[in-house]
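Asks: Structure in structure tokens, see below.
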Amino acid sequence: MKKILIFICIALGFAFNAYAQDKPRVVILTDIGRPDLEPDDTESLVHLLCYADMLEIEGIITSTGWNCDPYPTGSAAYRDSVVEAYATDVHMLMKRSGQRAFASLNKENGWQKIGYWPSAEYIRSRCKMGSQRAGIGVIGKDNDTEGSELIIRLADEKDDRPIWVCAWGGANTLAQAIWKVQQTRTPEQLKAFLHKLRLFTITDQDMVWSMRENLAYSSHQWMRREFADDLKFVWDEGAWQLQCELGKQHWQKIQQHIQGHATMGKQYPDYKYGVEGDTPSFLNAIPNGLHNPEEPMQAGWSGYHTWALTKDSTTYAWTSVQESVMDLSEWYYNHFYLDNLNDFIARIEWAETGQGNHNPVAIINGKKGTDAIVIEAEAGQTIKLDASKSYDPDREKLSFFWMQQEGIGKTEVGIPESDNDLPTVNVHIPDTFHNDEIHIICEVHDNSRLSLPAYRRIIIRTK
């Protein structure tokens, strides 16, 4: 089977920017509405589709959220307008990875590799309607939808990759899918189903705005309570607010470089309350070498989360609601925000002109890829980390920055400030350091106008 896929990729001429790895699977639940009244979902959808080469977008499902209950059927047209803009721009975006053609529609499901831009036909086929009413009270036999059925079908596929469900509105549609599986399958089959799913919610929006403190109303609480051991649940309560605020602070840059550029940029509306509040949910899944989304304590473009009691004071999730954790999450979100924005701008430039800049490639100790590099070490040992073989496809000069991630591991080791901008650093493991981890992040930037990034995480473990 692998030989067949390799042949297909060569025949279609895909010069993948990464290393022929599978894309992460994502499903979007969006309460997208009129761009002049509720613009942030439209903004996030433009952003998402500019990364269709990095994520296997398995569903874009319209559903309820803070701005509507019931969800107006006609509002799905705003999603479809952005998809049609992608249909126009994708032929320019394909030049970024040297792609010359699309695979047939039936082959686009389940085999997409990083660097492959899916056809607009494929994206259209994944646009479904989900639950049109909010809250746990509507979950049941009369609430099945095309969206909930799609989630069940995706989880049943013979595919070992987890499915990240990104809730830009309420996750009611996912809750309905879980309820149906619970009613129709054995406990073991339900457990297997849940183990295929991951949920990243932008706060709790399974209700209208005026009810936002009534968390017992939400199907989110039901999922956290009933399936805490089997459903990975990330409840973001910090990054989305900071994303909104930072977008406002950098709005002039967004206006200048995104709005009005390419067909998708022309779909990008002015902000009303904040900018792209839902974007952290899918930033979490982008495989850029910075973090593993399976490990929410690994800080990345979506912030930093720990397992803790949630705002409802009764259930647990991966969250940043605690003040000390939120402060640290916000520090990382601030630190990486311009990298994320500049990367988005670079992709809009490709969408507009079919030309642009590529990201550098980070190589640490001779190892390519985006998975974390794990090094087994002894207390007292000095570990050399060498990024000097990193390169830029556009032959631009590179700069380096090394840091240890706080909030993970028990001991702060640190990197000498005099060395943190060199291509090679030495990390000394204290003699007292046993049975723990050190997480080092290497940032590589090119010297282009946008200073595009590449990252690599190194995990040093001691016995």
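We label chains A, B, ... in the order they appear in the structure tokens, count residues from 1 in each chain, and number ligands from 1 in the order shown.
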Just the residues within 9 Å of Leu48 of chain A, please, counting only C-alpha atoms, with nothing from its chain fewer than 5 positions along; format it as a list of chain:residue names.
Replies: A:Glu43, A:Leu55, A:Thr279, A:Phe282, A:Leu283
Asks: Please tabulate, as a Markdown table, the residues of segment 233-294 of chain A that come within 10 Å of segment 305-321 of chain A, each with its closest pair of atoms and the distance in Å to one decimal, counting only C-alpha atoms and ordering rows by chain, then residue number upward.
Replies:
```
| residue | atom | partner | partner_atom | distance |
| --- | --- | --- | --- | --- |
| A:Phe233 | CA | A:Ala317 | CA | 5.6 |
| A:Val234 | CA | A:Trp318 | CA | 4.5 |
| A:Trp235 | CA | A:Thr319 | CA | 5.0 |
| A:Asp236 | CA | A:Thr319 | CA | 5.5 |
| A:Glu237 | CA | A:Val321 | CA | 5.5 |
| A:Gly238 | CA | A:Ser320 | CA | 6.1 |
| A:Ala239 | CA | A:Ser320 | CA | 8.3 |
```
Asks: With a distance cut-off of 8 Å and only C-alpha atoms, select the neighbouring residues of Val208 of chain A, excluding the residue or stretch itself and same-chain residues fewer than 5 positions from it, and output the selection as a list in words.
Replies: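 What passes the distance filter is Gly65, Trp66, Asn67, Cys68 and Asp69 of chain A.
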Asks: Just the residues within 9 Å of segment 426-430 of chain A, please, counting only C-alpha atoms, with nothing from its chain fewer than 3 positions along; format it as an NGL selection string.
Replies: :A and (377-386 or 413-416 or 419 or 433-434 or 438 or 462)
Asks: Leaving out segment 80-90 of chain A and any residue of its chain fewer than 2 positions from it, which residues lie within 9 Å of it when counting only C-alpha atoms, given as a PyMOL selection string?
Replies: chain A and resi 42+45-46+49-50+76-78+92-95+117-121+123-124+127+262-268+350-352+354
Asks: Just N, CA, C and O atoms for this one: save the residues we selected as a tab-separated table (two decimals), in the first residue's frame.
Replies:
```tsv
chain	number	residue	atom	x	y	z
A	42	THR	N	-15.60	33.70	10.30
A	42	THR	CA	-15.19	33.87	8.90
A	42	THR	C	-13.70	34.13	8.83
A	42	THR	O	-12.98	33.57	7.98
A	45	LEU	N	-11.89	30.90	9.43
A	45	LEU	CA	-12.03	29.95	8.33
A	45	LEU	C	-11.08	30.30	7.19
A	45	LEU	O	-10.49	29.40	6.57
A	46	VAL	N	-10.91	31.58	6.90
A	46	VAL	CA	-9.91	31.98	5.91
A	46	VAL	C	-8.54	31.49	6.34
A	46	VAL	O	-7.78	30.91	5.55
A	49	LEU	N	-8.16	27.58	5.98
A	49	LEU	CA	-8.01	27.06	4.63
A	49	LEU	C	-6.66	27.42	4.01
A	49	LEU	O	-6.22	26.75	3.07
A	50	CYS	N	-6.00	28.42	4.56
A	50	CYS	CA	-4.62	28.70	4.13
A	50	CYS	C	-3.65	27.65	4.64
A	50	CYS	O	-2.47	27.65	4.24
A	76	ALA	N	-25.13	28.91	6.78
A	76	ALA	CA	-24.09	28.06	6.20
A	76	ALA	C	-23.54	28.65	4.91
A	76	ALA	O	-22.42	28.32	4.49
A	77	ALA	N	-24.28	29.56	4.28
A	77	ALA	CA	-23.81	30.19	3.04
A	77	ALA	C	-22.55	31.01	3.28
A	77	ALA	O	-21.73	31.15	2.35
A	78	TYR	N	-22.35	31.52	4.49
A	78	TYR	CA	-21.15	32.30	4.76
A	78	TYR	C	-19.91	31.39	4.80
A	78	TYR	O	-18.83	31.80	4.39
A	92	MET	N	-3.14	28.72	-7.00
A	92	MET	CA	-1.92	29.47	-6.67
A	92	MET	C	-1.20	28.85	-5.48
A	92	MET	O	0.02	28.72	-5.46
A	93	LEU	N	-1.97	28.44	-4.47
A	93	LEU	CA	-1.37	27.84	-3.28
A	93	LEU	C	-0.62	26.55	-3.61
A	93	LEU	O	0.40	26.24	-2.98
A	94	MET	N	-1.11	25.83	-4.59
A	94	MET	CA	-0.45	24.57	-4.98
A	94	MET	C	0.99	24.79	-5.42
A	94	MET	O	1.84	23.90	-5.30
A	95	LYS	N	1.29	25.98	-5.91
A	95	LYS	CA	2.66	26.26	-6.36
A	95	LYS	C	3.63	26.29	-5.20
A	95	LYS	O	4.84	26.11	-5.39
A	117	TRP	N	-2.47	20.01	-1.22
A	117	TRP	CA	-3.63	20.90	-1.14
A	117	TRP	C	-4.84	20.16	-1.70
A	117	TRP	O	-4.85	19.78	-2.86
A	118	PRO	N	-5.88	19.95	-0.89
A	118	PRO	CA	-7.05	19.22	-1.37
A	118	PRO	C	-7.86	20.07	-2.34
A	118	PRO	O	-7.81	21.30	-2.32
A	119	SER	N	-8.62	19.40	-3.16
A	119	SER	CA	-9.48	20.10	-4.12
A	119	SER	C	-10.63	20.79	-3.39
A	119	SER	O	-11.03	20.38	-2.30
A	120	ALA	N	-11.16	21.83	-4.03
A	120	ALA	CA	-12.36	22.47	-3.48
A	120	ALA	C	-13.53	21.50	-3.46
A	120	ALA	O	-14.39	21.56	-2.56
A	121	GLU	N	-13.55	20.58	-4.41
A	121	GLU	CA	-14.61	19.57	-4.43
A	121	GLU	C	-14.57	18.74	-3.15
A	121	GLU	O	-15.61	18.43	-2.56
A	123	ILE	N	-13.30	19.72	-0.20
A	123	ILE	CA	-13.73	20.57	0.91
A	123	ILE	C	-15.25	20.72	0.92
A	123	ILE	O	-15.90	20.62	1.97
A	124	ARG	N	-15.84	20.94	-0.26
A	124	ARG	CA	-17.30	21.07	-0.33
A	124	ARG	C	-17.99	19.82	0.20
A	124	ARG	O	-19.02	19.89	0.87
A	127	CYS	N	-18.57	19.78	3.98
A	127	CYS	CA	-19.37	20.83	4.60
A	127	CYS	C	-20.75	20.27	4.94
A	127	CYS	O	-21.51	19.90	4.04
A	262	ALA	N	-5.70	38.30	-2.48
A	262	ALA	CA	-6.22	37.02	-2.97
A	262	ALA	C	-7.73	36.99	-2.75
A	262	ALA	O	-8.32	37.87	-2.11
A	263	THR	N	-8.37	35.98	-3.28
A	263	THR	CA	-9.82	35.89	-3.14
A	263	THR	C	-10.21	35.64	-1.69
A	263	THR	O	-11.21	36.19	-1.20
A	264	MET	N	-9.42	34.84	-1.00
A	264	MET	CA	-9.74	34.58	0.41
A	264	MET	C	-9.55	35.82	1.27
A	264	MET	O	-10.35	36.08	2.17
A	265	GLY	N	-8.51	36.59	1.01
A	265	GLY	CA	-8.32	37.82	1.77
A	265	GLY	C	-9.46	38.80	1.58
A	265	GLY	O	-9.78	39.58	2.49
A	266	LYS	N	-10.10	38.76	0.42
A	266	LYS	CA	-11.25	39.63	0.18
A	266	LYS	C	-12.48	39.17	0.97
A	266	LYS	O	-13.44	39.93	1.11
A	267	GLN	N	-12.44	37.94	1.46
A	267	GLN	CA	-13.51	37.42	2.31
A	267	GLN	C	-13.27	37.73	3.79
A	267	GLN	O	-14.13	37.48	4.63
A	268	TYR	N	-12.09	38.24	4.12
A	268	TYR	CA	-11.69	38.44	5.52
A	268	TYR	C	-12.30	39.73	6.04
A	268	TYR	O	-11.92	40.82	5.63
A	350	TRP	N	1.17	33.77	-1.27
A	350	TRP	CA	1.17	32.66	-2.23
A	350	TRP	C	-0.19	32.57	-2.91
A	350	TRP	O	-0.28	32.37	-4.13
A	351	ALA	N	-1.26	32.71	-2.14
A	351	ALA	CA	-2.61	32.60	-2.71
A	351	ALA	C	-2.87	33.69	-3.74
A	351	ALA	O	-3.61	33.48	-4.71
A	352	GLU	N	-2.25	34.84	-3.55
A	352	GLU	CA	-2.49	35.97	-4.46
A	352	GLU	C	-1.64	35.89	-5.72
A	352	GLU	O	-2.13	36.19	-6.82
A	354	GLY	N	0.98	33.20	-6.39
A	354	GLY	CA	1.63	31.94	-6.75
A	354	GLY	C	3.12	31.97	-6.50
A	354	GLY	O	3.85	31.08	-6.93
```
Asks: Tell me which of A:Val165, A:Ile139, A:Ala155, A:Val275 sits closest to Ile61 of chain A, counting only C-alpha atoms.
Replies: A:Val165
Asks: With distances taken over only C-alpha atoms, which of A:Asp142, A:Tyr332, A:Arg161, A:Lys191 is nearest to Gln176 of chain A?
Replies: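 Closest residue, counting only C-alpha atoms: A:Asp142.
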Asks: What residues in segment 118-332 of chain A get the DSSP label strand (DSSP E or B)? Please answer as a count of residues only.
Replies: 29
Asks: Please return as a PyMOL selection string: the residues of segment 75-120 of chain A that backbone DSSP assigns to helix (DSSP H, G or I).
Replies: chain A and resi 75-96+105-107+120
Asks: When distances are computed from only C-alpha atoms, which of A:Trp240, A:Phe102, A:Tyr455, A:Trp331 shows the smallest separation from Ile373 of chain A?
Replies: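 Nearest to Ile373 of chain A: A:Tyr455.
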Asks: From the set A:Glu406, A:Phe193, A:Trp168, A:Tyr337, which residue has the shortest atom-to-atom contact distance to Glu245 of chain A, counting only C-alpha atoms?
Replies: A:Tyr337
Asks: Might you pull out every residue within 12 Å of Asn172 of chain A, with only C-alpha atoms counted and same-chain residues fewer than 2 positions away left off, and present them as a PyMOL selection string?
Replies: chain A and resi 29-31+61-65+69+71+129-140+143-145+147-148+151+165-170+174-179+199+201+204-207+217-223
